[in-house]
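These notes are about the structure you will find just below.
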Amino acid sequence: MNPLERIKSKIRIELGDKLPKKWKKVGDVLIADFDLIPSEDKKEIAEIYASELKVKTVIQKNKVNGELRKPKNTQLLYGNDTITKISEYGLTYNIDLSEIMWSTGNTGWRSALAGPKKVKDFYSFDNPKTIIDYFAGIGYFALQMAKGYPESKVIAIDKNPKSIEYLNINAKENSIDNMEIINDDCRNILTKADVIHLGYIGNTVDFLEHTHNSLKNNGIAIFHEAYRNSWLGFKSRSDWIGIPDNFSELMNTKGFSVDKFERVKFYGPSTSHIIAILRKN
Ligand SMILES: C[S@@+](CC[C@H](N)C(=O)[O-])C[C@H]1O[C@@H](n2cnc3c(N)ncnc32)[C@H](O)[C@@H]1O
């Protein structure tokens with residue numbers, strides 16, 4: 001029996017088709033959508049999920065809010081400890097899931113130099129003196145870059161004090177000592193860099209002017225964003241050839257040429273999360 005079949009076998013048959021069939025296990029915390037389950041049954045069912053999937057806490061899946069990407073009204077269905085530890089590609093990350101988002105979809109891409117060739121190709125920099133991560137969060141990418149470039153200085157910035165609290169813990173726990181951690185809006189930081197990492201989805205393009213001003217000549221930006229497949233010129237999901245003209249033209253207006261372009265993941269049926277290497281013109 002798979003885990004879902006085992007769970008179903010313990011729950012009243014009429015609730016069977018209302019059970020969440022998918023879930024995210026983040027460290028020892030489970031996030032799933034229990035919205036179809038009647039309120040009076042939620043706690044009991046969450047407890048069964050917790051015991052079958054061996055987690056200490058179960059949280060109702062929710063949206064993230066605003067520019068700080070904070071989880072909205074965290075609803076605990078089982079347990080009460082939302083702080084967990086994730087191990088990925090040789091690093092550990094502590095996070096409080098009631099306060100900070102963890103994007104499971106970026107697994108693989110967070111591996112930077114420690115990952116597969118496709119990812120490594122985007123995160124292989126030529127002897128950078130300074131790397132800045134504008135949206136460092138709890139260190140999703142910054143820690144891996146600091147580990148991969150021990151001779152470089154990595155400046156990790158985030159606006160959310162809670163993320164910074166965990167970023168400090170995570171840098172210490174992973175014995176990272178080539179990192180400066182700053183709690184501020186990245187646009188207030190005027191330090192010049194060889195590489196600027198923009199791990200943000202939504203309006204990343206709005207940060208390109210500041211990125212351009214802060215990059216040294218010939219410096220690069222690692223740019224994440226989501227775009228409609230139709231705008232990118234893709235007619236089907238498998239359609240994926242070269243660098244889309246619309247994207248190159250847009251980046252040109254911002255003072256960048258596009259060295260490399262790739263899809264990180266699908267973002268709903270008609271949108272893609274993309275990554276690009278932008279070179280300052
Ligand atoms: C979506 S999270 C990063 C997600 C991450 N890349 C991942 O793999 O899960 C974006 C982060 O950017 C931070 N942020 C948003 N606007 C910012 C700004 N203007 N300056 C610095 N940090 C900012 C938020 O606090 C949040 O921690």
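Convention: chains lettered A, B, ... in structure tokens order; per-chain residue numbering from 1; ligands numbered from 1 as shown.
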| Shell of 7 Å around ligand 1 (only C-alpha atoms and all ligand atoms), written as number ranges by chain | A: 67-69, 101-103, 106, 110, 134-137, 140-141, 157-160, 163, 184-187, 199-201
| query | If we count only C-alpha atoms, what is near Asp239 in chain A at a cut-off of 12 Å, once residues fewer than 4 positions away on the same chain are taken out, given as a list in words? | reply | Asn229, Ser230, Leu232, Gly233, Phe234, Lys235, Ile243, Pro244, Glu262, Arg263 and Ser272 of chain A
| message | For the structure I just gave you, how does DSSP split range 28-131 of chain A - specifically, which residues are helix (DSSP H, G or I)? Reply as a PyMOL selection string. | response | chain A and resi 39-53+104-106+109-114+117-122
| task | Write out as a PyMOL selection string each polymer residue whose atoms come within 8 Å of Gly79 in chain A, counting only C-alpha atoms; drop sequence neighbours fewer than 5 positions from it. | result | chain A and resi 56-58
Could you write out the selected residues, including N, CA and C atoms, as a PDB file, in the first residue's frame?
```pdb
ATOM      1  N   LYS A  56       5.897  16.066  12.542  1.00  0.00           N
ATOM      2  CA  LYS A  56       5.491  16.517  13.884  1.00  0.00           C
ATOM      3  C   LYS A  56       4.335  17.513  13.819  1.00  0.00           C
ATOM      4  N   THR A  57       4.163  18.160  12.635  1.00  0.00           N
ATOM      5  CA  THR A  57       3.173  19.236  12.514  1.00  0.00           C
ATOM      6  C   THR A  57       2.498  19.158  11.150  1.00  0.00           C
ATOM      7  N   VAL A  58       1.217  19.505  11.114  1.00  0.00           N
ATOM      8  CA  VAL A  58       0.497  19.575   9.834  1.00  0.00           C
ATOM      9  C   VAL A  58      -0.102  20.977   9.706  1.00  0.00           C
TER      10      VAL A  58
END
```
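When only C-alpha atoms are used to measure the gap to Gly148 in chain A, the shortest distance among A:Lys172, A:Thr104, A:Asp177, A:Ala114 belongs to A:Ala114.
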| said: Can you pull out the residues contacting Gly90 in chain A? Cut-off 12 Å, using only C-alpha atoms, and skip same-chain residues under 2 positions away; I want them as a PyMOL selection string. | reply: chain A and resi 86-88+92-93+110-115+143-144+147-148+173-175
Would you save the residues from that selection as a compact mmCIF listing (two decimals), in the first residue's frame, using N, CA and C atoms?
```
# COMPACT_ATOMS: atom_id res chain seq x y z
N ILE A 86 15.72 21.68 7.05
CA ILE A 86 15.74 21.01 5.74
C ILE A 86 17.20 20.77 5.36
N SER A 87 17.48 19.60 4.85
CA SER A 87 18.85 19.33 4.36
C SER A 87 18.78 19.15 2.86
N GLU A 88 19.63 19.89 2.18
CA GLU A 88 19.62 19.87 0.71
C GLU A 88 21.03 20.11 0.20
N THR A 92 22.22 22.74 5.51
CA THR A 92 20.96 22.65 6.26
C THR A 92 20.38 24.05 6.42
N TYR A 93 19.07 24.10 6.34
CA TYR A 93 18.36 25.38 6.45
C TYR A 93 17.34 25.23 7.58
N ARG A 110 18.22 25.40 -6.34
CA ARG A 110 18.93 25.95 -5.18
C ARG A 110 20.29 25.29 -4.99
N SER A 111 20.55 24.23 -5.77
CA SER A 111 21.80 23.50 -5.58
C SER A 111 23.00 24.30 -6.09
N ALA A 112 22.76 25.27 -6.97
CA ALA A 112 23.83 26.11 -7.54
C ALA A 112 24.99 25.23 -8.02
N LEU A 113 26.18 25.45 -7.47
CA LEU A 113 27.36 24.69 -7.94
C LEU A 113 27.33 23.22 -7.52
N ALA A 114 26.53 22.90 -6.51
CA ALA A 114 26.51 21.53 -6.01
C ALA A 114 25.53 20.65 -6.79
N GLY A 115 24.92 21.21 -7.82
CA GLY A 115 23.85 20.49 -8.48
C GLY A 115 24.18 19.91 -9.83
N LEU A 143 23.58 30.76 0.59
CA LEU A 143 24.47 29.85 1.33
C LEU A 143 25.24 28.95 0.37
N GLN A 144 24.52 28.46 -0.65
CA GLN A 144 25.17 27.56 -1.62
C GLN A 144 26.23 28.33 -2.42
N LYS A 147 29.25 28.84 -0.21
CA LYS A 147 30.00 27.59 -0.06
C LYS A 147 30.78 27.29 -1.34
N GLY A 148 30.14 27.54 -2.49
CA GLY A 148 30.76 27.23 -3.78
C GLY A 148 31.89 28.19 -4.15
N GLU A 173 25.33 27.71 11.30
CA GLU A 173 25.22 26.25 11.36
C GLU A 173 25.98 25.55 10.23
N ASN A 174 26.07 26.24 9.07
CA ASN A 174 26.78 25.64 7.94
C ASN A 174 28.24 26.10 7.86
N SER A 175 28.70 26.76 8.92
CA SER A 175 30.09 27.26 9.01
C SER A 175 30.47 28.11 7.80
```
| task | Quick one: everything within 8 Å of Phe256 in chain A, counting only C-alpha atoms, minus sequence neighbours fewer than 6 positions away in the same chain. Send it as number ranges by chain. | result | A: 278-281
Limited to C-alpha atoms, could you put the picked residues into a file as a PDB file, in the first residue's frame?
```pdb
ATOM      1  CA  LEU A 278      21.982  38.901 -18.074  1.00  0.00           C
ATOM      2  CA  ARG A 279      25.206  40.658 -18.935  1.00  0.00           C
ATOM      3  CA  LYS A 280      25.567  44.387 -18.325  1.00  0.00           C
ATOM      4  CA  ASN A 281      26.086  46.142 -21.666  1.00  0.00           C
TER       5      ASN A 281
END
```
Could you pull out the residues in range 233-274 of chain A that DSSP calls strand (DSSP E or B) from the backbone, as a CSV table (one decimal) with C-alpha atoms, in the first residue's frame?
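Output below, filename part00.csv:
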```csv
chain,number,residue,atom,x,y,z
A,256,PHE,CA,21.5,43.9,-20.6
A,257,SER,CA,22.2,41.3,-23.2
A,258,VAL,CA,21.0,37.7,-22.5
A,259,ASP,CA,23.8,35.1,-22.3
A,260,LYS,CA,21.6,32.2,-21.3
A,261,PHE,CA,18.0,31.3,-20.8
A,262,GLU,CA,16.2,28.2,-19.3
A,263,ARG,CA,12.9,27.2,-17.7
A,264,VAL,CA,13.0,26.4,-14.0
A,265,LYS,CA,9.5,25.0,-13.8
A,266,PHE,CA,5.9,25.4,-15.1
A,271,THR,CA,3.2,30.4,-17.4
A,272,SER,CA,6.8,29.4,-16.9
A,273,HIS,CA,9.3,30.3,-14.2
A,274,ILE,CA,12.5,31.2,-16.1
```
| query | Quick one: residues within 8 Å of Asn94 in chain A, only C-alpha atoms counted, chain neighbours fewer than 4 positions away excluded, as a PyMOL selection string? | reply | chain A and resi 83-86+138+166+169-170
Take the residues from that selection and write them out as a PDB file, in the first residue's frame, keeping C-alpha atoms.
```pdb
ATOM      1  CA  ILE A  83      10.151  25.480  12.983  1.00  0.00           C
ATOM      2  CA  THR A  84      11.870  22.808  10.949  1.00  0.00           C
ATOM      3  CA  LYS A  85      15.192  21.889   9.386  1.00  0.00           C
ATOM      4  CA  ILE A  86      15.741  21.011   5.741  1.00  0.00           C
ATOM      5  CA  ILE A 138      16.808  32.281   4.826  1.00  0.00           C
ATOM      6  CA  TYR A 166      17.118  32.455  10.226  1.00  0.00           C
ATOM      7  CA  ILE A 169      21.383  30.894  12.190  1.00  0.00           C
ATOM      8  CA  ASN A 170      21.834  29.041   8.891  1.00  0.00           C
TER       9      ASN A 170
END
```
| request: For range 10-25 of chain A, work out the shell of residues within 9 Å, counting only C-alpha atoms and skipping chain neighbours fewer than 3 positions away, then give it as a PyMOL selection string. | output: chain A and resi 4-7+28-38+45+48+53+55+61+104
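Across A:Ile275, A:Ala193, A:Ile176, A:Gly108, the tightest approach to Pro128 in chain A is made by A:Ala193 when counting only C-alpha atoms.
For the pair CA of Glu165 in chain A and CA of Ala276 in chain A, the interatomic distance is 29.3 Å.
Using only C-alpha atoms, the shortest contact distance between Glu44 in chain A and any of A:Glu180, A:Asn65, A:Leu77, A:Pro71 is found at A:Leu77.
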